[in-house]
Amino acid sequence: RHTLRLEEADNVPDAITRAAIATDSQMIVVGSHGLSPRAGALLGHVADSVCARTARPFLCVKRKGEVVGLLQALLGIFER
């Protein structure tokens with residue numbers, strides 16, 4: 001059985017971890033933008049944070065070759 005759960009939260013990694021516990025998930029699967037190290041330092045890595053918070057099996061997927069650099073990350077902040 002598959003469960004889709006939508007939530008709005010200020011702390012996304014904590015919300016994902018809580019949802020996995022609440023639904024007794026067998027695995028957590030998240031998508032990644034493929035942030036470069038500098039962009040990740042600026043924006044933070046949700047996938048890294050979730051992985052550090054859970055003992056459940058974890059799968060992070062991204063499109064092949066997709067990488068968000070520092071300039072793209074900065075522009076994304078100002079577009080919000």
# chains A, B, ... in the order shown; residues from 1 in each chain; ligands from 1
call {"tool": "residues_around", "arguments": {"residues": "Val50 in chain A", "least_positions_apart": "5", "cutoff": "8 Å", "atoms": "only C-alpha atoms", "output": "VMD selection string"}}
result
chain A and resid 13 to 14 16 to 17
call {"tool": "write_last_selection", "arguments": {"atoms": "N, CA and C atoms", "output": "compact mmCIF listing (two decimals), in the first residue's frame"}}
result
# COMPACT_ATOMS: atom_id res chain seq x y z
N PRO A 13 12.57 18.98 6.82
CA PRO A 13 13.13 17.68 7.22
C PRO A 13 12.42 17.06 8.42
N ASP A 14 12.07 17.88 9.42
CA ASP A 14 11.34 17.35 10.57
C ASP A 14 9.95 16.86 10.17
N ILE A 16 8.98 15.68 7.26
CA ILE A 16 9.13 14.41 6.52
C ILE A 16 9.38 13.27 7.49
N THR A 17 10.26 13.49 8.45
CA THR A 17 10.58 12.46 9.43
C THR A 17 9.36 12.10 10.28
call {"tool": "closest_residue", "arguments": {"among": "A:Lys62, A:Arg5, A:Arg56, A:Arg18", "to": "Gly31 in chain A", "atoms": "only C-alpha atoms"}}
result
A:Lys62
call {"tool": "residues_around", "arguments": {"residues": "Val61 in chain A", "least_positions_apart": "5", "cutoff": "8 Å", "atoms": "only C-alpha atoms", "output": "PyMOL selection string"}}
result
chain A and resi 29-32
call {"tool": "write_last_selection", "arguments": {"atoms": "N, CA, C and O atoms", "output": "short mmCIF file (atom, residue, chain, number, x, y, z; two decimals), in the first residue's frame"}}
result
data_model
loop_
_atom_site.label_atom_id
_atom_site.label_comp_id
_atom_site.auth_asym_id
_atom_site.auth_seq_id
_atom_site.Cartn_x
_atom_site.Cartn_y
_atom_site.Cartn_z
N VAL A 29 11.49 8.34 0.39
CA VAL A 29 12.03 8.70 -0.92
C VAL A 29 11.84 10.19 -1.13
O VAL A 29 10.72 10.70 -0.97
N VAL A 30 12.92 10.91 -1.41
CA VAL A 30 12.85 12.35 -1.66
C VAL A 30 13.56 12.67 -2.96
O VAL A 30 14.45 11.96 -3.40
N GLY A 31 13.13 13.77 -3.58
CA GLY A 31 13.78 14.27 -4.77
C GLY A 31 14.81 15.31 -4.39
O GLY A 31 14.69 15.98 -3.36
N SER A 32 15.84 15.45 -5.21
CA SER A 32 16.90 16.41 -4.94
C SER A 32 17.13 17.26 -6.18
O SER A 32 16.99 16.79 -7.31
#
call {"tool": "closest_residue", "arguments": {"among": "A:His2, A:Asp48, A:Phe58, A:Arg53", "to": "Thr23 in chain A", "atoms": "only C-alpha atoms"}}
result
A:His2
